[in-house]
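For reference, data30.tsv (TSV, C-alpha atoms):
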chain	number	residue	atom	x	y	z
A	4	ALA	CA	105.21	85.01	73.41
A	5	THR	CA	102.60	86.24	75.85
A	6	TYR	CA	102.67	89.63	77.54
A	7	THR	CA	101.50	90.78	80.97
A	8	THR	CA	101.12	94.49	81.70
A	9	GLU	CA	100.98	95.90	85.22
A	10	PHE	CA	99.76	99.46	85.71
A	11	ILE	CA	101.60	100.78	88.76
A	12	GLY	CA	101.22	104.11	90.53
A	13	THR	CA	100.67	106.01	93.72
A	14	ARG	CA	97.44	107.58	94.92
A	15	LYS	CA	96.96	110.90	96.68
A	16	GLY	CA	97.11	110.43	100.43
A	17	TYR	CA	99.83	107.77	100.45
A	18	ASP	CA	101.61	107.44	103.79
A	19	ALA	CA	105.40	107.37	103.38
A	20	THR	CA	105.81	106.69	107.13
A	21	LYS	CA	104.38	103.17	106.74
A	22	THR	CA	106.27	100.11	105.56
A	23	ALA	CA	106.71	99.52	101.83
A	24	SER	CA	103.91	96.93	101.74
A	25	GLU	CA	101.46	99.31	103.46
A	26	ASN	CA	102.32	102.84	102.27
A	27	GLY	CA	100.54	102.76	98.90
A	28	ILE	CA	103.62	103.75	96.91
A	29	GLY	CA	103.88	101.59	93.80
A	30	GLU	CA	100.39	100.12	94.03
A	31	VAL	CA	99.40	97.79	91.19
A	32	PHE	CA	96.17	99.37	89.88
A	33	ALA	CA	95.51	96.62	87.31
A	34	THR	CA	97.10	93.64	85.56
A	35	GLN	CA	96.16	92.73	81.99
A	36	THR	CA	97.41	90.20	79.46
A	37	GLY	CA	97.68	90.51	75.70
A	38	THR	CA	99.22	92.84	73.14
A	39	GLU	CA	96.59	95.58	73.50
A	40	VAL	CA	95.76	96.89	76.97
A	41	SER	CA	94.32	100.11	78.35
A	42	LEU	CA	93.49	101.76	81.63
A	43	VAL	CA	91.81	105.01	82.60
A	44	ILE	CA	94.06	106.70	85.16
A	45	PRO	CA	92.21	106.80	88.49
A	46	GLU	CA	91.17	110.31	89.59
A	47	ASP	CA	93.16	110.00	92.83
A	48	ALA	CA	96.35	108.75	91.16
A	49	LEU	CA	99.38	111.03	91.39
A	50	PHE	CA	101.05	109.15	88.54
A	51	LEU	CA	100.96	105.86	86.70
A	52	ARG	CA	103.42	103.79	84.69
A	53	ALA	CA	103.12	100.49	82.88
A	54	THR	CA	105.47	97.52	82.98
A	55	VAL	CA	105.22	94.90	80.26
A	56	THR	CA	106.70	91.47	80.95
A	57	SER	CA	107.13	88.87	78.21
A	58	SER	CA	106.96	85.12	78.67
A	59	VAL	CA	110.28	84.97	76.79
A	60	GLY	CA	113.50	84.75	78.77
A	61	HIS	CA	116.03	87.58	78.68
A	62	GLU	CA	119.07	86.97	76.42
A	63	ASN	CA	121.49	88.36	79.02
A	64	PRO	CA	119.72	87.98	82.38
A	65	SER	CA	120.74	89.86	85.52
A	66	PHE	CA	119.08	87.24	87.72
A	67	PRO	CA	117.81	83.65	87.28
A	68	GLU	CA	114.59	83.24	85.26
A	69	GLN	CA	114.57	86.93	84.21
A	70	LYS	CA	112.07	87.68	81.44
A	71	LYS	CA	112.18	90.40	78.79
A	72	GLN	CA	110.56	93.53	80.21
A	73	ALA	CA	109.79	97.13	79.28
A	74	TRP	CA	108.72	100.10	81.42
A	75	THR	CA	107.03	103.34	80.41
A	76	GLN	CA	107.96	106.67	81.88
A	77	PRO	CA	105.50	107.86	84.56
A	78	VAL	CA	102.49	109.79	83.24
A	79	GLY	CA	99.75	111.89	84.80
A	80	TRP	CA	101.75	113.82	87.40
A	81	ARG	CA	99.16	115.61	89.56

Represent the structure from my file as structure tokens, please.
Amino acid sequence: ATYTTEFIGTRKGYDATKTASENGIGEVFATQTGTEVSLVIPEDALFLRATVTSSVGHENPSFPEQKKQAWTQPVGWR
């Protein structure tokens, strides 16, 4: 299996009045592949979490083509 990790968070100064694609909430800070990844939390990040997605299909999918996935709890609350 291969693994892709997305580091997702929100920066200070986000604008909740804008649309979801423009407000900065849930921005992907970085995407990395492999079994060992790391990221220094940006200084202006309010929080960050990681999602890890496997190339392997889910045994009991909720939607077509769903892959195995894991999420961390948010870290770095500022």

For Glu39 of chain A, which residue among A:Gln69, A:Thr20, A:Thr54, A:Thr8 is the nearest when counting all atoms listed in the file?
->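 Closest to Glu39 of chain A of all the choices is A:Thr8.
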
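Shortest separation to Val59 of chain A among A:Thr34, A:Ser24, A:Ser41, A:Gln72 occurs at residue A:Gln72, atoms counted being all atoms listed in the file.
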
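Atom CA of Asn26 of chain A is positioned 28.2 Å from atom CA of Ser57 of chain A.
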
Find the residues near Gly60 of chain A: any atom within 7 Å, counting only C-alpha atoms, skip ones fewer than 2 places away on the same chain, and give them as a VMD selection string.
-> chain A and resid 58 62 68 to 71

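Here the question is which of A:Val55, A:Ala19, A:Ile11, A:Ala48 gets nearest to Ala33 of chain A using all atoms listed in the file, and that residue is A:Ile11.
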
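The two atoms in question, atom CA of Ile44 of chain A and atom CA of Thr22 of chain A, are spaced 24.7 Å apart.
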
Pick from A:Gly27, A:Gly79, A:Gly16, A:Gly37 nearest to Ala4 of chain A, counting only C-alpha atoms =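 Using only C-alpha atoms, the shortest distance to Ala4 of chain A belongs to A:Gly37.
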
From the list A:Ala73, A:Leu49, A:Val78, A:Ala23, which residue is nearest His61 of chain A when using all atoms listed in the file?
->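 Residue with the minimum atom-to-atom distance to His61 of chain A: A:Ala73.
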
Any idea what the distance is between atom CA of Gly29 of chain A and atom CA of Asn63 of chain A?
->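 Separation between atom CA of Gly29 of chain A and atom CA of Asn63 of chain A: 26.5 Å.
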
Which residue out of A:Phe50, A:Trp74, A:Phe32, A:Phe66 has the minimum interatomic distance to Lys15 of chain A when only C-alpha atoms are used?
->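 Result for the nearest residue to Lys15 of chain A: A:Phe50.
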
Rebuild segment 56-80 of chain A so that it carries N, CA and C atoms, then output the result as a compact mmCIF listing (two decimals), keeping the file's coordinate frame.
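part.txt, freshly written:
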# COMPACT_ATOMS: atom_id res chain seq x y z
N THR A 56 105.81 92.61 80.77
CA THR A 56 106.70 91.47 80.95
C THR A 56 106.33 90.38 79.95
N SER A 57 107.31 89.91 79.22
CA SER A 57 107.13 88.87 78.21
C SER A 57 107.30 87.49 78.86
N SER A 58 106.74 86.50 78.23
CA SER A 58 106.96 85.12 78.67
C SER A 58 108.32 84.60 78.21
N VAL A 59 109.00 85.36 77.35
CA VAL A 59 110.28 84.97 76.79
C VAL A 59 111.41 85.37 77.73
N GLY A 60 112.36 84.47 77.92
CA GLY A 60 113.50 84.75 78.77
C GLY A 60 114.41 85.83 78.18
N HIS A 61 115.09 86.53 79.07
CA HIS A 61 116.03 87.58 78.68
C HIS A 61 117.29 86.94 78.11
N GLU A 62 117.87 87.55 77.05
CA GLU A 62 119.07 86.97 76.42
C GLU A 62 120.30 87.09 77.32
N ASN A 63 120.35 88.12 78.15
CA ASN A 63 121.49 88.36 79.02
C ASN A 63 120.96 88.69 80.42
N PRO A 64 120.42 87.70 81.13
CA PRO A 64 119.72 87.98 82.38
C PRO A 64 120.63 88.48 83.50
N SER A 65 120.05 89.36 84.33
CA SER A 65 120.74 89.86 85.52
C SER A 65 120.48 88.96 86.72
N PHE A 66 119.42 88.15 86.63
CA PHE A 66 119.08 87.24 87.72
C PHE A 66 118.41 86.01 87.11
N PRO A 67 118.38 84.88 87.82
CA PRO A 67 117.81 83.65 87.28
C PRO A 67 116.34 83.84 86.87
N GLU A 68 115.96 83.24 85.76
CA GLU A 68 114.59 83.24 85.26
C GLU A 68 114.08 84.63 84.84
N GLN A 69 114.98 85.59 84.64
CA GLN A 69 114.57 86.93 84.21
C GLN A 69 113.89 86.87 82.85
N LYS A 70 112.81 87.59 82.70
CA LYS A 70 112.07 87.68 81.44
C LYS A 70 112.34 89.03 80.78
N LYS A 71 112.08 89.12 79.48
CA LYS A 71 112.18 90.40 78.79
C LYS A 71 111.11 91.32 79.38
N GLN A 72 111.47 92.60 79.57
CA GLN A 72 110.56 93.53 80.21
C GLN A 72 110.79 94.95 79.70
N ALA A 73 109.72 95.71 79.67
CA ALA A 73 109.79 97.13 79.28
C ALA A 73 108.97 97.94 80.26
N TRP A 74 109.42 99.18 80.51
CA TRP A 74 108.72 100.10 81.42
C TRP A 74 108.44 101.40 80.67
N THR A 75 107.29 101.99 80.94
CA THR A 75 107.03 103.34 80.41
C THR A 75 107.52 104.36 81.42
N GLN A 76 107.70 105.57 80.96
CA GLN A 76 107.96 106.67 81.88
C GLN A 76 106.65 106.98 82.63
N PRO A 77 106.73 107.51 83.85
CA PRO A 77 105.50 107.86 84.56
C PRO A 77 104.71 108.92 83.80
N VAL A 78 103.39 108.81 83.87
CA VAL A 78 102.49 109.79 83.24
C VAL A 78 101.46 110.25 84.26
N GLY A 79 100.87 111.42 84.00
CA GLY A 79 99.75 111.89 84.80
C GLY A 79 100.11 112.65 86.05
N TRP A 80 101.34 113.13 86.17
CA TRP A 80 101.75 113.82 87.40
C TRP A 80 100.70 114.84 87.82
